[in-house]
$ cat start.cif   # mmCIF, C-alpha atoms
data_input
#
loop_
_atom_site.label_atom_id
_atom_site.label_comp_id
_atom_site.auth_asym_id
_atom_site.auth_seq_id
_atom_site.Cartn_x
_atom_site.Cartn_y
_atom_site.Cartn_z
CA MET A 1 -0.46 -28.03 36.49
CA GLU A 2 -0.13 -30.84 34.00
CA GLY A 3 -3.63 -30.15 32.74
CA GLN A 4 -2.78 -26.48 32.10
CA GLN A 5 0.28 -27.45 30.08
CA GLN A 6 -1.83 -29.78 27.94
CA VAL A 7 -4.32 -26.97 27.30
CA ARG A 8 -1.53 -24.61 26.22
CA ALA A 9 -0.10 -27.28 23.94
CA ARG A 10 -3.47 -27.80 22.32
CA ARG A 11 -3.88 -24.04 21.83
CA ARG A 12 -0.52 -23.80 20.09
CA ARG A 13 -1.76 -26.28 17.50
CA LEU A 14 -4.80 -24.18 16.57
CA TYR A 15 -4.21 -22.16 13.42
CA ARG A 16 -6.40 -19.80 11.48
CA GLU A 17 -7.56 -21.12 8.15
CA ARG A 18 -5.61 -19.83 5.15
CA LYS A 19 -7.65 -19.68 2.00
CA ASP A 20 -6.34 -20.14 -1.52
CA ILE A 21 -6.34 -16.46 -2.47
CA LEU A 22 -5.12 -16.94 -6.02
CA ASN A 23 -8.04 -19.22 -6.84
CA LEU A 24 -10.55 -17.50 -4.58
CA TYR A 25 -10.49 -14.15 -6.46
CA ASP A 26 -10.57 -13.33 -10.15
CA ASP A 27 -7.98 -11.01 -11.71
CA SER A 28 -10.04 -7.85 -11.23
CA GLU A 29 -10.40 -8.51 -7.51
CA LEU A 30 -6.73 -9.45 -7.18
CA VAL A 31 -5.70 -6.19 -8.82
CA LYS A 32 -8.03 -4.28 -6.51
CA ARG A 33 -6.55 -5.89 -3.40
CA TYR A 34 -2.94 -6.62 -4.38
CA ARG A 35 -2.35 -4.42 -7.47
CA LEU A 36 -1.28 -7.40 -9.58
CA ASP A 37 -3.19 -10.05 -11.46
CA ARG A 38 -2.69 -13.76 -10.90
CA GLY A 39 0.04 -14.06 -13.52
CA GLY A 40 1.96 -11.12 -12.07
CA ILE A 41 1.74 -12.47 -8.53
CA ILE A 42 3.03 -15.87 -9.65
CA LEU A 43 5.80 -14.17 -11.64
CA ILE A 44 7.29 -12.30 -8.70
CA THR A 45 6.69 -15.23 -6.34
CA ASP A 46 8.76 -17.48 -8.56
CA PHE A 47 11.48 -14.82 -8.65
CA VAL A 48 11.88 -14.74 -4.85
CA ARG A 49 10.68 -18.23 -3.97
CA ASP A 50 14.07 -19.63 -3.00
CA ALA A 51 14.82 -16.62 -0.79
CA ILE A 52 11.56 -16.64 1.18
CA THR A 53 10.49 -20.29 1.30
CA SER A 54 10.62 -21.74 4.81
CA PRO A 55 13.01 -24.69 5.12
CA THR A 56 10.36 -26.78 6.83
CA ASN A 57 6.60 -27.27 6.82
CA ARG A 58 6.48 -27.59 10.58
CA SER A 59 4.47 -25.09 12.62
CA ASN A 60 2.15 -24.37 9.71
CA ALA A 61 4.85 -22.61 7.68
CA ILE A 62 3.68 -19.75 5.46
CA SER A 63 3.98 -20.41 1.73
CA ALA A 64 5.96 -18.17 -0.59
CA GLU A 65 2.72 -17.17 -2.34
CA MET A 66 1.16 -16.09 0.94
CA LYS A 67 4.23 -14.05 1.88
CA VAL A 68 4.13 -12.22 -1.43
CA LEU A 69 0.40 -11.58 -1.12
CA THR A 70 0.83 -10.24 2.39
CA THR A 71 3.57 -7.87 1.23
CA LEU A 72 1.58 -6.69 -1.79
CA ARG A 73 -1.42 -6.02 0.44
CA TYR A 74 0.74 -3.89 2.73
CA LEU A 75 2.20 -1.91 -0.20
CA ALA A 76 -1.26 -1.42 -1.67
CA THR A 77 -2.86 -0.19 1.54
CA GLY A 78 -0.02 0.99 3.78
CA LYS A 79 -1.74 -0.71 6.72
CA MET A 80 -0.23 -3.81 8.26
CA GLN A 81 -3.39 -4.51 10.21
CA LEU A 82 -5.23 -5.21 6.95
CA CYS A 83 -2.68 -7.84 5.98
CA ASN A 84 -4.08 -10.39 8.44
CA GLY A 85 -7.72 -9.63 7.73
CA ASP A 86 -8.01 -10.85 4.15
CA ASP A 87 -8.49 -14.56 4.83
CA MET A 88 -4.73 -14.95 5.13
CA GLY A 89 -4.74 -16.50 8.56
CA ILE A 90 -1.46 -14.89 9.60
CA ALA A 91 -1.03 -13.61 13.15
CA GLN A 92 -0.22 -9.90 13.43
CA PRO A 93 3.26 -10.39 14.96
CA THR A 94 4.14 -12.61 12.00
CA VAL A 95 2.96 -10.10 9.40
CA SER A 96 5.84 -7.70 10.05
CA LYS A 97 8.42 -10.48 9.74
CA VAL A 98 6.87 -11.76 6.53
CA ILE A 99 6.83 -8.30 4.95
CA SER A 100 10.42 -7.59 5.96
CA GLN A 101 11.66 -10.91 4.56
CA THR A 102 9.82 -10.48 1.27
CA LEU A 103 10.92 -6.86 0.80
CA ASN A 104 14.54 -7.89 1.35
CA ALA A 105 14.15 -10.52 -1.36
CA LEU A 106 12.57 -8.07 -3.80
CA ALA A 107 14.81 -5.07 -3.11
CA THR A 108 17.80 -6.59 -4.85
CA PRO A 109 19.65 -5.27 -7.91
CA ALA A 110 18.56 -8.34 -9.86
CA PHE A 111 14.85 -7.64 -9.33
CA ILE A 112 14.96 -3.84 -9.50
CA SER A 113 17.09 -3.71 -12.66
CA ARG A 114 14.80 -6.23 -14.31
CA TYR A 115 11.94 -3.72 -14.30
CA ILE A 116 13.65 -0.32 -14.07
CA GLN A 117 15.99 0.42 -16.95
CA PHE A 118 17.00 3.67 -18.62
CA PRO A 119 17.01 3.42 -22.44
CA THR A 120 20.51 3.26 -23.87
CA GLN A 121 19.98 1.65 -27.27
CA GLN A 122 19.37 3.97 -30.23
CA ASN A 123 16.05 2.39 -31.19
CA ASP A 124 14.70 2.63 -27.65
CA ILE A 125 15.89 6.21 -27.31
CA ARG A 126 14.29 7.27 -30.60
CA GLN A 127 11.00 5.66 -29.62
CA THR A 128 11.04 7.40 -26.23
CA GLN A 129 11.85 10.75 -27.82
CA ALA A 130 9.09 10.34 -30.38
CA THR A 131 6.52 9.58 -27.70
CA PHE A 132 7.52 12.65 -25.71
CA ARG A 133 7.46 14.86 -28.80
CA GLU A 134 3.85 13.90 -29.44
CA ILE A 135 2.87 15.72 -26.23
CA ALA A 136 3.92 19.27 -27.10
CA ASN A 137 6.48 19.01 -29.92
CA PHE A 138 9.44 19.26 -27.52
CA PRO A 139 12.31 17.39 -29.21
CA GLY A 140 14.99 15.14 -27.76
CA VAL A 141 13.37 14.28 -24.42
CA VAL A 142 14.22 10.84 -23.02
CA GLY A 143 12.78 11.35 -19.53
CA ALA A 144 11.01 13.77 -17.19
CA ILE A 145 12.66 14.19 -13.78
CA ASP A 146 11.36 15.45 -10.44
CA GLY A 147 11.54 14.76 -6.74
CA THR A 148 8.83 13.75 -4.31
CA HIS A 149 8.83 13.44 -0.54
CA ILE A 150 7.88 10.16 1.13
CA ARG A 151 6.81 10.82 4.70
CA ILE A 152 8.52 8.71 7.38
CA VAL A 153 8.44 8.41 11.14
CA ALA A 154 11.21 10.37 12.88
CA PRO A 155 14.37 8.22 12.62
CA LYS A 156 16.50 7.47 15.66
CA GLU A 157 19.71 8.62 13.97
CA TYR A 158 20.38 11.92 12.16
CA GLU A 159 16.80 12.92 12.80
CA ALA A 160 17.24 16.59 11.86
CA GLU A 161 18.54 15.71 8.38
CA TYR A 162 15.20 14.13 7.49
CA ILE A 163 13.11 17.24 8.21
CA ASN A 164 12.15 18.81 4.90
CA ARG A 165 11.11 22.37 4.08
CA LYS A 166 7.52 21.59 5.00
CA ASN A 167 8.72 20.61 8.47
CA TYR A 168 8.04 16.89 8.45
CA HIS A 169 10.36 13.88 8.21
CA SER A 170 10.78 12.40 4.77
CA ILE A 171 12.90 10.71 2.16
CA ASN A 172 13.45 12.88 -0.93
CA VAL A 173 13.01 10.55 -3.90
CA GLN A 174 14.28 11.45 -7.36
CA VAL A 175 12.35 9.74 -10.13
CA VAL A 176 12.45 9.81 -13.94
CA PHE A 177 9.42 8.80 -16.04
CA ASP A 178 8.94 8.21 -19.73
CA ALA A 179 5.89 9.48 -21.62
CA SER A 180 3.90 6.32 -20.85
CA TYR A 181 4.42 6.85 -17.09
CA LYS A 182 6.94 4.06 -16.79
CA ILE A 183 9.78 4.66 -14.34
CA LEU A 184 13.21 4.84 -15.98
CA ASP A 185 15.34 5.69 -12.96
CA VAL A 186 14.82 6.21 -9.23
CA VAL A 187 17.06 7.36 -6.36
CA ALA A 188 15.50 6.86 -2.93
CA ASN A 189 18.23 7.12 -0.30
CA TRP A 190 18.47 10.85 0.48
CA PRO A 191 17.06 12.59 3.57
CA GLY A 192 14.22 15.05 3.12
CA SER A 193 16.37 18.11 3.82
CA VAL A 194 18.55 17.49 0.75
CA HIS A 195 17.85 19.67 -2.30
CA ASP A 196 16.81 18.13 -5.63
CA SER A 197 19.88 19.59 -7.34
CA ARG A 198 22.20 17.88 -4.83
CA ILE A 199 20.61 14.50 -5.47
CA TRP A 200 20.92 15.01 -9.22
CA SER A 201 24.54 16.14 -8.97
CA GLU A 202 25.57 12.87 -7.31
CA CYS A 203 23.39 10.34 -9.09
CA GLY A 204 24.60 7.72 -11.52
CA LEU A 205 22.35 8.89 -14.35
CA LYS A 206 24.04 12.29 -14.43
CA GLU A 207 27.42 10.55 -14.67
CA ASP A 208 26.14 8.49 -17.59
CA PHE A 209 25.29 11.69 -19.47
CA GLU A 210 28.60 13.33 -18.59
CA ARG A 211 30.67 10.34 -19.65
CA GLY A 212 28.90 10.02 -22.98
CA PHE A 213 27.24 6.70 -22.23
CA LEU A 214 24.09 8.21 -23.72
CA PRO A 215 24.20 9.59 -27.28
CA GLY A 216 24.10 13.29 -28.02
CA GLY A 217 20.83 14.94 -28.86
CA CYS A 218 18.94 13.49 -25.91
CA HIS A 219 18.14 15.12 -22.60
CA LEU A 220 15.91 15.07 -19.55
CA ILE A 221 13.36 17.72 -18.74
CA GLY A 222 13.03 19.15 -15.21
CA ASP A 223 11.85 22.15 -13.23
CA SER A 224 13.85 25.16 -12.05
CA GLY A 225 15.07 23.33 -8.97
CA TYR A 226 17.60 21.63 -11.25
CA PRO A 227 20.64 23.17 -12.96
CA CYS A 228 20.23 23.83 -16.66
CA GLN A 229 22.60 21.54 -18.53
CA PRO A 230 22.86 20.24 -22.10
CA TRP A 231 21.33 16.98 -20.87
CA LEU A 232 18.79 18.52 -18.46
CA MET A 233 16.55 21.22 -19.88
CA THR A 234 14.87 23.61 -17.44
CA PRO A 235 12.41 26.48 -18.05
CA TYR A 236 13.24 30.16 -18.32
CA LEU A 237 12.26 31.89 -15.10
CA GLN A 238 11.75 35.16 -16.97
CA PRO A 239 11.30 34.53 -20.69
CA ARG A 240 12.29 37.59 -22.69
CA THR A 241 11.20 36.58 -26.18
CA GLU A 242 8.18 34.90 -27.72
CA GLU A 243 10.40 31.93 -28.64
CA GLN A 244 11.40 31.49 -25.00
CA ALA A 245 7.76 31.72 -23.94
CA THR A 246 6.82 29.08 -26.52
CA TYR A 247 9.64 26.89 -25.22
CA ASN A 248 8.34 27.32 -21.66
CA ARG A 249 4.81 26.31 -22.65
CA ALA A 250 6.02 23.17 -24.40
CA HIS A 251 8.36 22.44 -21.50
CA LYS A 252 5.60 22.74 -18.89
CA CYS A 253 3.19 20.55 -20.85
CA THR A 254 5.83 17.87 -21.40
CA ARG A 255 7.10 17.94 -17.83
CA CYS A 256 3.61 17.23 -16.50
CA VAL A 257 4.39 13.59 -17.28
CA VAL A 258 6.50 13.22 -14.16
CA GLU A 259 3.89 14.85 -11.91
CA ARG A 260 1.20 12.52 -13.21
CA GLY A 261 3.57 9.57 -12.98
CA ILE A 262 4.29 10.25 -9.32
CA GLY A 263 0.56 10.56 -8.75
CA GLN A 264 -0.04 7.18 -10.37
CA LEU A 265 2.73 5.54 -8.34
CA LYS A 266 1.28 6.81 -5.06
CA ARG A 267 -2.28 5.98 -6.05
CA ARG A 268 -1.27 2.44 -6.90
CA PHE A 269 0.73 1.91 -3.71
CA HIS A 270 -0.88 3.77 -0.82
CA VAL A 271 2.02 2.95 1.47
CA LEU A 272 3.75 5.89 -0.23
CA LEU A 273 0.93 8.27 0.67
CA GLY A 274 0.97 8.14 4.44
CA GLU A 275 3.72 8.03 7.04
CA ILE A 276 5.89 4.95 6.67
CA ARG A 277 6.67 3.77 10.18
CA VAL A 278 9.98 2.05 9.56
CA ASP A 279 13.57 3.30 9.46
CA PRO A 280 14.98 5.10 6.38
CA VAL A 281 16.83 2.02 5.10
CA LYS A 282 13.64 -0.04 5.03
CA THR A 283 11.75 2.90 3.55
CA THR A 284 14.22 3.00 0.66
CA LYS A 285 13.53 -0.67 -0.01
CA ILE A 286 9.79 -0.05 0.02
CA VAL A 287 10.11 2.80 -2.50
CA MET A 288 12.37 0.81 -4.83
CA VAL A 289 10.10 -2.24 -4.75
CA CYS A 290 7.00 -0.11 -5.38
CA ALA A 291 8.74 1.51 -8.36
CA ALA A 292 9.66 -1.87 -9.87
CA LEU A 293 6.17 -3.26 -9.26
CA HIS A 294 4.66 -0.14 -10.83
CA ASN A 295 6.56 -0.90 -14.03
CA LEU A 296 5.47 -4.52 -13.88
CA CYS A 297 1.87 -3.32 -13.68
CA LYS A 298 2.52 -1.15 -16.74
CA GLU A 299 4.01 -4.08 -18.64
CA ARG A 300 0.93 -6.16 -17.85
CA ASN A 301 -1.41 -3.29 -18.80
CA LEU A 302 -3.01 -3.22 -15.37
CA GLN A 303 -4.98 -0.07 -14.72
CA LEU A 304 -5.13 1.69 -11.39
CA PRO A 305 -7.65 0.06 -9.05
CA ASP A 306 -10.35 2.67 -9.69
CA GLY A 307 -9.76 2.43 -13.42
CA GLN A 308 -8.71 6.06 -13.68
CA ASP A 309 -5.11 7.09 -14.27
CA ILE A 310 -5.66 10.55 -12.84
CA ASP A 311 -3.36 12.91 -11.03
CA LEU A 312 -2.89 12.65 -7.31
CA GLN A 313 -1.93 15.76 -5.32
CA GLN A 314 1.70 15.36 -4.35
CA ASP A 315 4.35 17.39 -2.62
CA VAL A 316 5.33 20.01 -5.18
CA HIS A 317 8.90 21.10 -4.69
CA GLU A 318 8.97 24.85 -4.36
CA ASP A 319 12.69 25.42 -4.83
CA GLN A 320 12.96 27.96 -7.65
CA PRO A 321 16.50 29.39 -7.72
CA ASP A 322 16.94 32.31 -10.09
CA GLU A 323 19.44 31.92 -12.88
CA ALA A 324 21.96 34.26 -11.28
CA ASN A 325 22.09 32.13 -8.14
CA ALA A 326 21.88 28.85 -9.99
CA PHE A 327 25.64 28.74 -10.51
CA ARG A 328 26.03 28.19 -6.78
CA HIS A 329 24.13 24.93 -7.29
CA GLY A 330 26.66 23.79 -9.88
CA GLU A 331 24.89 25.12 -12.97
CA ALA A 332 27.36 25.55 -15.82
CA ARG A 333 27.17 28.49 -18.20
CA ASP A 334 27.26 26.19 -21.20
CA GLY A 335 23.91 24.77 -20.07
CA LEU A 336 22.30 28.19 -20.39
CA LEU A 337 23.99 28.81 -23.74
CA PHE A 338 22.87 25.40 -24.96
CA ARG A 339 19.28 26.18 -23.98
CA ASP A 340 19.36 29.47 -25.93
CA HIS A 341 20.74 27.63 -28.96
CA PHE A 342 18.12 24.92 -28.55
CA VAL A 343 15.31 27.50 -28.49
CA ASN A 344 16.64 29.27 -31.57
CA LEU A 345 16.89 25.95 -33.36
CA TYR A 346 13.50 24.43 -32.53
CA PHE A 347 11.15 27.17 -31.30
CA GLN A 348 11.50 29.92 -33.88
#
$ encode --input "start.cif" --output "structure tokens"
Amino acid sequence: MEGQQQVRARRRRLYRERKDILNLYDDSELVKRYRLDRGGIILITDFVRDAITSPTNRSNAISAEMKVLTTLRYLATGKMQLCNGDDMGIAQPTVSKVISQTLNALATPAFISRYIQFPTQQNDIRQTQATFREIANFPGVVGAIDGTHIRIVAPKEYEAEYINRKNYHSINVQVVFDASYKILDVVANWPGSVHDSRIWSECGLKEDFERGFLPGGCHLIGDSGYPCQPWLMTPYLQPRTEEQATYNRAHKCTRCVVERGIGQLKRRFHVLLGEIRVDPVKTTKIVMVCAALHNLCKERNLQLPDGQDIDLQQDVHEDQPDEANAFRHGEARDGLLFRDHFVNLYFQ
């Protein structure tokens, strides 16, 4: 009996070797595996170090760097089982705890707002508008908005609310991109059954426009699932003049930014492609952290792993309410009148 206890004690002291990942791989290999280069990994590690560092070195405690690398590997691949196969030396039961702890540290207002900010200063707004106008000569655009579904496992509570129109469980994520595919705003806490227009109607960005926190002459661009408003331009469902048709063509070309942006986000972080097998609250954290990290990658000029910023097929929202029914979704008549005036002013 005593001999068996000694054997078990010796086994508990055997740990898998953990290699120095940051010095083992060059930047190109780090980006391929973890989506960030060495400088970016160190940057976010330093940001969350105090929150995730173990209070003791006993029991072969996992370093803050290793916790961040494990989490990045999960976000990049969407597969927890790969997180203990990259020379990390972390047991599978520990991987889930490490990822949860690190995501909690990253999914804070301080971290998210550091990398996701909507332009509010005149100079920033003008630069954003100018970049958008270069696409198809559509003036005044400060962001392209759309929704995308993130598939999740069936939640234990309010399960029916998460079933979307394509009959699977999801989170409906509202996202706004600028013309360089940087995320300006993201809302990721609505069940998949909720319509895009409902999410927009209750989001903080809409309130900012309504309260005049953003200057006049700037607006978002979105599809027909959104209400037409002076600060959210949508296409004509049935253009009746050549000017309206020209407007629609420029609108469609400009709005493609958000579709490509969502494709880039999901290509960079494959966890957003498959079914996320955690509850909706944790899924929201994953989406927000991926969005912030996506912008960090943009700031550091890191290309997608395959070197091609190409579109990725995503869930295209098929809600296309006609203009007569749009008022039931909160669409104000002055939005339609403003659009007509806008077309007459810029698309003659």
$ closest_residue --input "start.cif" --among "A:Ile152, A:Val187, A:Ile171, A:Ile62" --to "Ile276 in chain A" --atoms "all atoms listed in the file"
A:Ile152
$ atom_distance --input "start.cif" --atom1 "CA of Ile42 in chain A" --atom2 "CA of Arg277 in chain A"
28.1 Å
$ closest_atom_pairs --input "start.cif" --of "range 148-192 of chain A" --to "range 258-262 of chain A" --cutoff "7 Å" --atoms "all atoms listed in the file" --output "Markdown table"
| residue | atom | partner | partner_atom | distance |
| --- | --- | --- | --- | --- |
| A:Val176 | CA | A:Val258 | CA | 6.9 |
| A:Phe177 | CA | A:Val258 | CA | 5.6 |
| A:Tyr181 | CA | A:Gly261 | CA | 5.0 |
$ closest_residue --input "start.cif" --among "A:Pro280, A:Pro305, A:Pro239, A:Gly335" --to "Glu29 in chain A" --atoms "all atoms listed in the file"
A:Pro305
$ residues_around --input "start.cif" --residues "Lys79 in chain A" --least-positions-apart "6" --cutoff "10 Å" --atoms "all atoms listed in the file" --output "number ranges by chain"
A: 73, 270-271, 274, 276
$ resolve_selection --input "start.cif" --expression "the PyMOL selection byres ((chain A and resi 246) around 12)" --output "list in words"
Ala136, Asn137, Phe138, Pro235, Tyr236, Pro239, Arg240, Thr241, Glu242, Glu243, Gln244, Ala245, Tyr247, Asn248, Arg249, Ala250, His251, Lys252, Cys253, Val343, Asn344, Tyr346, Phe347 and Gln348 of chain A
$ write_last_selection --input "start.cif" --atoms "C-alpha atoms" --output "compact mmCIF listing (two decimals), in the frame of the given file"
# COMPACT_ATOMS: atom_id res chain seq x y z
CA ALA A 136 3.92 19.27 -27.10
CA ASN A 137 6.48 19.01 -29.92
CA PHE A 138 9.44 19.26 -27.52
CA PRO A 235 12.41 26.48 -18.05
CA TYR A 236 13.24 30.16 -18.32
CA PRO A 239 11.30 34.53 -20.69
CA ARG A 240 12.29 37.59 -22.69
CA THR A 241 11.20 36.58 -26.18
CA GLU A 242 8.18 34.90 -27.72
CA GLU A 243 10.40 31.93 -28.64
CA GLN A 244 11.40 31.49 -25.00
CA ALA A 245 7.76 31.72 -23.94
CA TYR A 247 9.64 26.89 -25.22
CA ASN A 248 8.34 27.32 -21.66
CA ARG A 249 4.81 26.31 -22.65
CA ALA A 250 6.02 23.17 -24.40
CA HIS A 251 8.36 22.44 -21.50
CA LYS A 252 5.60 22.74 -18.89
CA CYS A 253 3.19 20.55 -20.85
CA VAL A 343 15.31 27.50 -28.49
CA ASN A 344 16.64 29.27 -31.57
CA TYR A 346 13.50 24.43 -32.53
CA PHE A 347 11.15 27.17 -31.30
CA GLN A 348 11.50 29.92 -33.88
